[in-house]
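Source file: my_file.json (JSON, C-alpha atoms)
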[["chain", "number", "residue", "atom", "x", "y", "z"],
["A", 13, "MET", "CA", 0.00, 0.00, 0.00],
["A", 14, "THR", "CA", 1.37, 3.40, -1.00],
["A", 15, "ARG", "CA", 1.70, 6.53, 1.10],
["A", 16, "ARG", "CA", -1.06, 8.06, -1.02],
["A", 17, "ASP", "CA", -3.39, 5.18, -0.07],
["A", 18, "LEU", "CA", -2.67, 5.74, 3.61],
["A", 19, "LEU", "CA", -3.26, 9.45, 3.25],
["A", 20, "SER", "CA", -6.56, 8.98, 1.47],
["A", 21, "GLY", "CA", -7.68, 6.54, 4.16],
["A", 22, "SER", "CA", -6.90, 8.98, 6.96],
["A", 23, "LEU", "CA", -8.68, 11.77, 5.14],
["A", 24, "ALA", "CA", -11.78, 9.65, 4.61],
["A", 25, "ALA", "CA", -11.94, 8.71, 8.28],
["A", 26, "SER", "CA", -12.01, 12.34, 9.33],
["A", 27, "LEU", "CA", -14.64, 13.58, 6.88],
["A", 28, "VAL", "CA", -18.27, 14.16, 7.73],
["A", 29, "ALA", "CA", -21.14, 12.46, 5.92],
["A", 30, "ALA", "CA", -21.66, 13.38, 2.30],
["A", 31, "PRO", "CA", -24.35, 15.86, 1.26],
["A", 32, "ALA", "CA", -27.79, 14.28, 0.99],
["A", 33, "GLN", "CA", -27.73, 14.41, -2.81],
["A", 34, "LEU", "CA", -24.49, 12.41, -3.03],
["A", 35, "LYS", "CA", -25.00, 8.62, -2.95],
["A", 36, "LEU", "CA", -21.91, 6.45, -2.49],
["A", 37, "ILE", "CA", -21.86, 2.70, -3.07],
["A", 38, "ALA", "CA", -18.96, 0.88, -1.40],
["A", 39, "HIS", "CA", -17.34, -1.54, -3.87],
["A", 40, "ARG", "CA", -16.32, -5.07, -2.78],
["A", 41, "GLY", "CA", -18.10, -5.08, 0.52],
["A", 42, "GLY", "CA", -17.32, -1.75, 2.11],
["A", 43, "ILE", "CA", -14.24, 0.05, 3.37],
["A", 44, "VAL", "CA", -11.20, -1.92, 2.20],
["A", 45, "ASP", "CA", -7.86, -0.77, 3.60],
["A", 46, "GLU", "CA", -4.91, -1.91, 5.70],
["A", 47, "THR", "CA", -7.22, -2.96, 8.56],
["A", 48, "HIS", "CA", -10.31, -4.24, 6.70],
["A", 49, "ALA", "CA", -10.41, -7.12, 4.21],
["A", 50, "GLU", "CA", -12.95, -6.81, 1.40],
["A", 51, "ASN", "CA", -16.41, -8.35, 1.94],
["A", 52, "SER", "CA", -15.64, -8.65, 5.66],
["A", 53, "ILE", "CA", -17.58, -7.86, 8.82],
["A", 54, "GLY", "CA", -15.28, -4.93, 9.51],
["A", 55, "SER", "CA", -15.51, -3.48, 5.99],
["A", 56, "VAL", "CA", -19.31, -3.61, 6.09],
["A", 57, "GLU", "CA", -19.50, -2.06, 9.55],
["A", 58, "GLU", "CA", -17.13, 0.75, 8.56],
["A", 59, "ALA", "CA", -19.19, 1.56, 5.44],
["A", 60, "ILE", "CA", -22.31, 1.79, 7.59],
["A", 61, "LYS", "CA", -20.47, 3.98, 10.11],
["A", 62, "ARG", "CA", -19.34, 6.38, 7.37],
["A", 63, "GLY", "CA", -22.85, 6.79, 6.03],
["A", 64, "TYR", "CA", -22.59, 5.08, 2.65],
["A", 65, "TRP", "CA", -25.90, 4.88, 0.80],
["A", 66, "MET", "CA", -25.35, 1.35, -0.49],
["A", 67, "ILE", "CA", -22.82, -1.47, -0.30],
["A", 68, "GLU", "CA", -21.83, -3.72, -3.21],
["A", 69, "VAL", "CA", -21.10, -7.30, -2.17],
["A", 70, "ASP", "CA", -19.90, -10.36, -4.08],
["A", 71, "VAL", "CA", -21.75, -13.62, -3.44],
["A", 72, "ARG", "CA", -20.60, -17.18, -4.06],
["A", 73, "ALA", "CA", -21.98, -20.58, -3.08],
["A", 74, "THR", "CA", -20.32, -23.07, -0.74],
["A", 75, "LEU", "CA", -20.10, -26.79, -1.43],
["A", 76, "ASP", "CA", -23.35, -27.28, 0.50],
["A", 77, "GLY", "CA", -25.12, -24.45, -1.32],
["A", 78, "GLU", "CA", -24.86, -21.67, 1.26],
["A", 79, "PRO", "CA", -24.53, -18.06, -0.02],
["A", 80, "VAL", "CA", -21.38, -16.35, 1.30],
["A", 81, "LEU", "CA", -19.48, -13.15, 0.57],
["A", 82, "GLN", "CA", -16.37, -13.67, -1.56],
["A", 83, "HIS", "CA", -15.06, -11.92, -4.65],
["A", 84, "ASP", "CA", -12.10, -13.95, -5.92],
["A", 85, "ALA", "CA", -12.40, -17.41, -7.40],
["A", 86, "THR", "CA", -10.18, -18.73, -4.57],
["A", 87, "LEU", "CA", -9.76, -17.80, -0.91],
["A", 88, "GLU", "CA", -6.02, -17.27, -1.16],
["A", 89, "ARG", "CA", -5.74, -13.46, -1.18],
["A", 90, "PHE", "CA", -7.37, -12.76, 2.19],
["A", 91, "TYR", "CA", -7.61, -16.18, 3.84],
["A", 92, "GLY", "CA", -4.41, -17.86, 2.64],
["A", 93, "VAL", "CA", -6.28, -20.91, 1.33],
["A", 94, "LYS", "CA", -5.84, -22.02, -2.28],
["A", 95, "ARG", "CA", -9.33, -23.44, -2.55],
["A", 96, "ARG", "CA", -12.59, -22.25, -4.03],
["A", 97, "PRO", "CA", -15.59, -21.53, -1.77],
["A", 98, "GLU", "CA", -17.49, -24.05, -3.88],
["A", 99, "GLU", "CA", -15.07, -26.75, -2.67],
["A", 100, "MET", "CA", -15.71, -26.13, 1.04],
["A", 101, "SER", "CA", -18.74, -26.51, 3.26],
["A", 102, "TRP", "CA", -20.04, -23.50, 5.15],
["A", 103, "ARG", "CA", -18.84, -25.11, 8.38],
["A", 104, "GLU", "CA", -15.29, -25.35, 7.01],
["A", 105, "LEU", "CA", -15.41, -21.86, 5.54],
["A", 106, "SER", "CA", -16.62, -20.30, 8.78],
["A", 107, "GLN", "CA", -13.43, -21.45, 10.54],
["A", 108, "LEU", "CA", -11.21, -19.29, 8.32],
["A", 109, "ARG", "CA", -9.93, -15.89, 9.44],
["A", 110, "ALA", "CA", -9.11, -12.98, 7.15],
["A", 111, "GLU", "CA", -5.89, -11.04, 7.05],
["A", 112, "PRO", "CA", -6.22, -8.18, 7.80],
["A", 113, "GLY", "CA", -8.95, -8.01, 10.41],
["A", 114, "GLY", "CA", -9.07, -11.58, 11.71],
["A", 115, "THR", "CA", -12.78, -11.98, 10.91],
["A", 116, "SER", "CA", -14.56, -15.00, 9.47],
["A", 117, "PRO", "CA", -16.37, -15.05, 6.09],
["A", 118, "ILE", "CA", -19.88, -13.60, 6.15],
["A", 119, "HIS", "CA", -22.94, -15.69, 5.42],
["A", 120, "PHE", "CA", -25.45, -13.80, 3.27],
["A", 121, "ASP", "CA", -28.20, -14.22, 5.88],
["A", 122, "ALA", "CA", -25.97, -12.54, 8.48],
["A", 123, "LEU", "CA", -25.12, -9.74, 6.05],
["A", 124, "CYS", "CA", -28.80, -8.94, 5.57],
["A", 125, "GLN", "CA", -29.29, -8.63, 9.31],
["A", 126, "MET", "CA", -26.21, -6.38, 9.57],
["A", 127, "CYS", "CA", -27.59, -4.08, 6.87],
["A", 128, "LYS", "CA", -31.23, -4.04, 8.00],
["A", 129, "GLY", "CA", -32.43, -0.47, 8.38],
["A", 130, "LYS", "CA", -28.89, 0.89, 7.87],
["A", 131, "ILE", "CA", -27.70, 0.50, 4.27],
["A", 132, "ARG", "CA", -28.93, -0.77, 0.91],
["A", 133, "LEU", "CA", -27.49, -3.68, -1.07],
["A", 134, "MET", "CA", -25.98, -4.02, -4.53],
["A", 135, "LEU", "CA", -25.41, -7.68, -5.41],
["A", 136, "ASP", "CA", -22.87, -9.27, -7.72],
["A", 137, "ILE", "CA", -23.52, -13.03, -7.76],
["A", 138, "LYS", "CA", -20.35, -14.67, -9.06],
["A", 139, "ASN", "CA", -21.54, -18.21, -9.75],
["A", 140, "ALA", "CA", -22.51, -18.60, -13.40],
["A", 141, "SER", "CA", -25.53, -20.75, -12.66],
["A", 142, "MET", "CA", -27.20, -22.00, -9.50],
["A", 143, "PRO", "CA", -30.45, -23.84, -8.71],
["A", 144, "VAL", "CA", -33.39, -21.49, -8.42],
["A", 145, "GLU", "CA", -33.60, -22.38, -4.71],
["A", 146, "PHE", "CA", -30.28, -20.60, -4.14],
["A", 147, "TYR", "CA", -31.64, -17.31, -5.46],
["A", 148, "GLU", "CA", -34.98, -17.77, -3.72],
["A", 149, "ARG", "CA", -33.20, -18.15, -0.41],
["A", 150, "MET", "CA", -31.31, -14.92, -0.99],
["A", 151, "ARG", "CA", -34.54, -13.17, -1.93],
["A", 152, "LYS", "CA", -36.23, -14.35, 1.27],
["A", 153, "SER", "CA", -33.32, -13.14, 3.42],
["A", 154, "MET", "CA", -33.42, -9.73, 1.74],
["A", 155, "ASP", "CA", -37.19, -9.48, 1.99],
["A", 156, "LYS", "CA", -37.13, -10.39, 5.69],
["A", 157, "ALA", "CA", -34.61, -7.62, 6.35],
["A", 158, "GLY", "CA", -36.51, -5.06, 4.27],
["A", 159, "LEU", "CA", -33.73, -4.87, 1.67],
["A", 160, "LEU", "CA", -35.35, -6.38, -1.42],
["A", 161, "GLU", "CA", -37.23, -3.48, -2.99],
["A", 162, "THR", "CA", -34.32, -1.04, -2.70],
["A", 163, "ALA", "CA", -31.59, -3.44, -3.88],
["A", 164, "TYR", "CA", -29.58, -3.17, -7.11],
["A", 165, "MET", "CA", -28.33, -6.21, -9.03],
["A", 166, "LEU", "CA", -25.35, -6.43, -11.37],
["A", 167, "GLY", "CA", -25.83, -8.64, -14.45],
["A", 168, "GLY", "CA", -29.25, -9.88, -13.45],
["A", 169, "ASP", "CA", -30.11, -12.00, -16.52],
["A", 170, "ARG", "CA", -29.58, -15.31, -14.71],
["A", 171, "TRP", "CA", -31.90, -14.60, -11.79],
["A", 172, "ARG", "CA", -34.32, -11.99, -13.14],
["A", 173, "ASN", "CA", -37.35, -14.26, -12.71],
["A", 174, "VAL", "CA", -36.58, -14.71, -9.00],
["A", 175, "PHE", "CA", -35.74, -11.16, -7.94],
["A", 176, "GLY", "CA", -37.95, -9.15, -10.29],
["A", 177, "PRO", "CA", -40.09, -7.55, -11.41],
["A", 178, "GLY", "CA", -41.43, -6.08, -8.21],
["A", 179, "GLY", "CA", -38.14, -6.66, -6.46],
["A", 180, "THR", "CA", -34.63, -5.47, -7.22],
["A", 181, "ARG", "CA", -33.50, -3.22, -10.07],
["A", 182, "GLU", "CA", -30.88, -4.60, -12.44],
["A", 183, "SER", "CA", -27.96, -2.96, -14.18],
["A", 184, "ALA", "CA", -28.00, -1.93, -17.84],
["A", 185, "ASN", "CA", -25.76, 0.12, -20.07],
["A", 186, "ARG", "CA", -27.32, 2.86, -22.19],
["A", 187, "LYS", "CA", -27.87, 0.58, -25.20],
["A", 188, "ALA", "CA", -29.69, -2.05, -23.12],
["A", 189, "LEU", "CA", -31.65, 0.63, -21.30],
["A", 190, "ALA", "CA", -32.88, 2.20, -24.55],
["A", 191, "ALA", "CA", -33.77, -1.24, -25.93],
["A", 192, "ALA", "CA", -35.82, -2.07, -22.82],
["A", 193, "ALA", "CA", -37.67, 1.23, -23.13],
["A", 194, "ASN", "CA", -38.40, 0.53, -26.80],
["A", 195, "ARG", "CA", -39.86, -2.85, -25.82],
["A", 196, "GLY", "CA", -42.26, -1.04, -23.54],
["A", 197, "GLU", "CA", -40.75, -2.23, -20.25],
["A", 198, "ASP", "CA", -41.24, -0.20, -17.09],
["A", 199, "VAL", "CA", -37.60, 0.80, -16.99],
["A", 200, "LYS", "CA", -38.02, 3.15, -14.03],
["A", 201, "LYS", "CA", -38.97, 0.23, -11.80],
["A", 202, "ARG", "CA", -36.69, -2.41, -13.30],
["A", 203, "TYR", "CA", -33.33, -0.85, -14.21],
["A", 204, "PHE", "CA", -30.53, 1.53, -13.36],
["A", 205, "LEU", "CA", -27.75, 2.72, -15.67],
["A", 206, "PHE", "CA", -24.38, 1.23, -14.76],
["A", 207, "GLU", "CA", -21.29, 2.32, -16.68],
["A", 208, "LEU", "CA", -17.66, 3.07, -15.95],
["A", 209, "ALA", "CA", -16.99, 6.61, -14.78],
["A", 210, "SER", "CA", -14.84, 7.09, -17.88],
["A", 211, "GLU", "CA", -17.84, 6.23, -20.12],
["A", 212, "VAL", "CA", -20.73, 8.11, -18.51],
["A", 213, "ASP", "CA", -21.44, 11.29, -20.46],
["A", 214, "ALA", "CA", -24.14, 13.90, -21.12],
["A", 215, "GLU", "CA", -25.87, 11.62, -23.64],
["A", 216, "ALA", "CA", -26.23, 8.80, -21.10],
["A", 217, "LEU", "CA", -27.44, 11.20, -18.42],
["A", 218, "ASP", "CA", -30.03, 12.70, -20.76],
["A", 219, "LEU", "CA", -31.37, 9.21, -21.45],
["A", 220, "CYS", "CA", -31.59, 8.50, -17.72],
["A", 221, "LYS", "CA", -33.39, 11.76, -17.09],
["A", 222, "ARG", "CA", -35.95, 11.04, -19.81],
["A", 223, "LEU", "CA", -36.56, 7.50, -18.52],
["A", 224, "GLY", "CA", -36.46, 8.39, -14.82],
["A", 225, "VAL", "CA", -33.69, 5.96, -13.88],
["A", 226, "ASP", "CA", -30.66, 6.37, -11.64],
["A", 227, "ALA", "CA", -27.22, 6.69, -13.24],
["A", 228, "VAL", "CA", -24.41, 4.90, -11.41],
["A", 229, "ALA", "CA", -20.78, 5.64, -12.33],
["A", 230, "ALA", "CA", -18.25, 2.96, -11.35],
["A", 231, "VAL", "CA", -14.88, 4.18, -10.04],
["A", 232, "ASN", "CA", -12.80, 1.03, -9.53],
["A", 233, "THR", "CA", -9.01, 0.82, -9.44],
["A", 234, "PHE", "CA", -8.67, -2.29, -11.60],
["A", 235, "ARG", "CA", -10.53, -0.61, -14.46],
["A", 236, "TYR", "CA", -7.95, 2.17, -14.59],
["A", 237, "THR", "CA", -5.14, -0.37, -14.45],
["A", 238, "MET", "CA", -6.68, -2.24, -17.38],
["A", 239, "ALA", "CA", -7.02, 1.02, -19.32],
["A", 240, "THR", "CA", -3.39, 1.96, -18.51],
["A", 241, "ARG", "CA", -4.53, 5.18, -16.84],
["A", 242, "ASP", "CA", -3.06, 6.45, -13.60],
["A", 243, "GLU", "CA", -5.05, 4.86, -10.77],
["A", 244, "TRP", "CA", -5.32, 8.17, -8.92],
["A", 245, "GLU", "CA", -5.31, 10.90, -11.55],
["A", 246, "GLY", "CA", -7.73, 8.97, -13.79],
["A", 247, "PRO", "CA", -10.49, 8.72, -11.17],
["A", 248, "LYS", "CA", -9.87, 12.32, -10.10],
["A", 249, "GLU", "CA", -10.38, 13.57, -13.65],
["A", 250, "ASP", "CA", -13.49, 11.44, -14.20],
["A", 251, "ILE", "CA", -15.11, 12.40, -10.91],
["A", 252, "GLN", "CA", -14.52, 16.11, -11.46],
["A", 253, "ARG", "CA", -16.11, 15.85, -14.90],
["A", 254, "LEU", "CA", -19.09, 13.85, -13.65],
["A", 255, "LEU", "CA", -19.73, 16.15, -10.72],
["A", 256, "GLY", "CA", -19.87, 18.98, -13.25],
["A", 257, "LEU", "CA", -22.50, 17.01, -15.19],
["A", 258, "GLY", "CA", -24.54, 16.51, -12.02],
["A", 259, "VAL", "CA", -23.90, 12.79, -11.40],
["A", 260, "SER", "CA", -24.74, 11.98, -7.78],
["A", 261, "THR", "CA", -24.43, 8.17, -7.54],
["A", 262, "TYR", "CA", -21.02, 6.48, -7.56],
["A", 263, "GLN", "CA", -19.89, 2.91, -6.95],
["A", 264, "ILE", "CA", -16.35, 3.41, -5.64],
["A", 265, "ASP", "CA", -13.35, 1.67, -4.20],
["A", 266, "SER", "CA", -13.20, 3.26, -0.75],
["A", 267, "ARG", "CA", -9.73, 4.72, -1.39],
["A", 268, "TYR", "CA", -11.45, 7.27, -3.66],
["A", 269, "GLU", "CA", -13.84, 8.50, -0.99],
["A", 270, "PRO", "CA", -11.88, 11.75, -0.40],
["A", 271, "LEU", "CA", -12.40, 12.74, -4.04],
["A", 272, "LEU", "CA", -16.13, 12.90, -3.36],
["A", 273, "ARG", "CA", -16.31, 13.76, 0.33],
["A", 274, "ASN", "CA", -13.63, 16.43, 0.43],
["A", 275, "ARG", "CA", -15.10, 18.69, -2.23],
["A", 276, "ARG", "CA", -14.78, 22.46, -2.45]]
Could you show the structure in this file as structure tokens?
Amino acid sequence: MTRRDLLSGSLAASLVAAPAQLKLIAHRGGIVDETHAENSIGSVEEAIKRGYWMIEVDVRATLDGEPVLQHDATLERFYGVKRRPEEMSWRELSQLRAEPGGTSPIHFDALCQMCKGKIRLMLDIKNASMPVEFYERMRKSMDKAGLLETAYMLGGDRWRNVFGPGGTRESANRKALAAAANRGEDVKKRYFLFELASEVDAEALDLCKRLGVDAVAAVNTFRYTMATRDEWEGPKEDIQRLLGLGVSTYQIDSRYEPLLRNRR
């Protein structure tokens, strides 16, 4: 971790809650830094503490079909285990401890209770295909905690019939959003625009305004690395441009929080 990362973390910790019109979505399970592993109890709690509007979490299935929070295909990066969650039972998985933080993996049911009445959910389900019962269980947990109707889903094609319509909204780029509107779908209730911060522009925002849907700009480090842009200056430039266009909803890696909180 660089000195700039440490500085941005200390700045974020000292800043007050964002203005009401600014809606931040914490990428990969909350505040991820030198003391909090991603998708961990601590990262979720810290995002709630800092007043984030929503938290994006990654969900995978265990060997016995339990939904748990985990981004990577294997557990090596934070748990030191070169195995996939799908190869371990929930009982085995729950014995692991993350570094940093020392916390165990989070079961999706427990996550919903942590977030109840405090923060909304954005879901990224990593398994390519699961039995419908898997998604129905997640839906029931969300519904019980009052999280279903306000939730956002990334790439919802595989589970659309379980979570919606009448439940979560699913992501769409501008082309898919326009196509859904042309088909006569109730896009305001079913979708939100989700594009990289580098891609969102006045044209996309005009479409969202006409259709009455939220526009979410994603500010994630790995996207800038892939695009060979500086991982600090790139987000700074994009955020400044988008703020000028009136964008208020951002899915961010928590290291970029100062770029949105510490505005002048």
Test item: which residues lie within 12 Å of (-16.8, -13.1, -8.4) counting only C-alpha atoms, as a PDB file with C-alpha atoms, in the coordinates of the input:
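point34.pdb was written with the following content:
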ATOM      1  CA  ARG A  40     -16.320  -5.070  -2.780  1.00  0.00           C
ATOM      2  CA  ASN A  51     -16.410  -8.350   1.940  1.00  0.00           C
ATOM      3  CA  GLU A  68     -21.830  -3.720  -3.210  1.00  0.00           C
ATOM      4  CA  VAL A  69     -21.100  -7.300  -2.170  1.00  0.00           C
ATOM      5  CA  ASP A  70     -19.900 -10.360  -4.080  1.00  0.00           C
ATOM      6  CA  VAL A  71     -21.750 -13.620  -3.440  1.00  0.00           C
ATOM      7  CA  ARG A  72     -20.600 -17.180  -4.060  1.00  0.00           C
ATOM      8  CA  ALA A  73     -21.980 -20.580  -3.080  1.00  0.00           C
ATOM      9  CA  VAL A  80     -21.380 -16.350   1.300  1.00  0.00           C
ATOM     10  CA  LEU A  81     -19.480 -13.150   0.570  1.00  0.00           C
ATOM     11  CA  GLN A  82     -16.370 -13.670  -1.560  1.00  0.00           C
ATOM     12  CA  HIS A  83     -15.060 -11.920  -4.650  1.00  0.00           C
ATOM     13  CA  ASP A  84     -12.100 -13.950  -5.920  1.00  0.00           C
ATOM     14  CA  ALA A  85     -12.400 -17.410  -7.400  1.00  0.00           C
ATOM     15  CA  THR A  86     -10.180 -18.730  -4.570  1.00  0.00           C
ATOM     16  CA  LEU A  87      -9.760 -17.800  -0.910  1.00  0.00           C
ATOM     17  CA  ARG A  96     -12.590 -22.250  -4.030  1.00  0.00           C
ATOM     18  CA  PRO A  97     -15.590 -21.530  -1.770  1.00  0.00           C
ATOM     19  CA  GLU A  98     -17.490 -24.050  -3.880  1.00  0.00           C
ATOM     20  CA  LEU A 135     -25.410  -7.680  -5.410  1.00  0.00           C
ATOM     21  CA  ASP A 136     -22.870  -9.270  -7.720  1.00  0.00           C
ATOM     22  CA  ILE A 137     -23.520 -13.030  -7.760  1.00  0.00           C
ATOM     23  CA  LYS A 138     -20.350 -14.670  -9.060  1.00  0.00           C
ATOM     24  CA  ASN A 139     -21.540 -18.210  -9.750  1.00  0.00           C
ATOM     25  CA  ALA A 140     -22.510 -18.600 -13.400  1.00  0.00           C
ATOM     26  CA  LEU A 166     -25.350  -6.430 -11.370  1.00  0.00           C
ATOM     27  CA  GLY A 167     -25.830  -8.640 -14.450  1.00  0.00           C
TER      28      GLY A 167
END
Next on the checklist: Let me make sure I understand: among A:Arg109, A:Gly179, A:Gly54, A:Thr162, which one has the smallest atom-to-atom distance to Glu88 in chain A if we use all atoms listed in the file?
Outcome noted: A:Arg109
Checklist entry - What is the CA of Val44 in chain A to CA of Ile67 in chain A distance in Å? => result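 Taking CA of Val44 in chain A and CA of Ile67 in chain A, their separation equals 11.9 Å.
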Item to check | Protein and nucleic acid residues near (-28.2, 3.6, -21.9) (cut-off 12 Å, all atoms listed in the file) as a ChimeraX atom specification | outcome: /A:183-194,199,203-207,211-228
Coordinates of box centre and edge lengths for range 263-275 of chain A, 8 Å on every side, axis-aligned, as lines of an AutoDock Vina configuration file:
center_x = -14.8
center_y = 10.2
center_z = -3.3
size_x = 26.2
size_y = 33.0
size_z = 23.4
Checklist entry - Nearest to Gly129 in chain A: which of A:Leu208, A:Met66, A:Met165, A:Val174 is it, counting only C-alpha atoms? => result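 Among the listed residues, the smallest separation from Gly129 in chain A belongs to A:Met66.
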Checklist entry - Distance CA of Gly196 in chain A-CA of Leu160 in chain A, one decimal place? => result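 Between these atoms lies a distance of 23.8 Å.
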Item to check | Shell of 7 Å around range 122-128 of chain A, all atoms listed in the file, local chain residues under 5 positions omitted, as a ChimeraX atom specification | outcome: /A:153-154,157-159
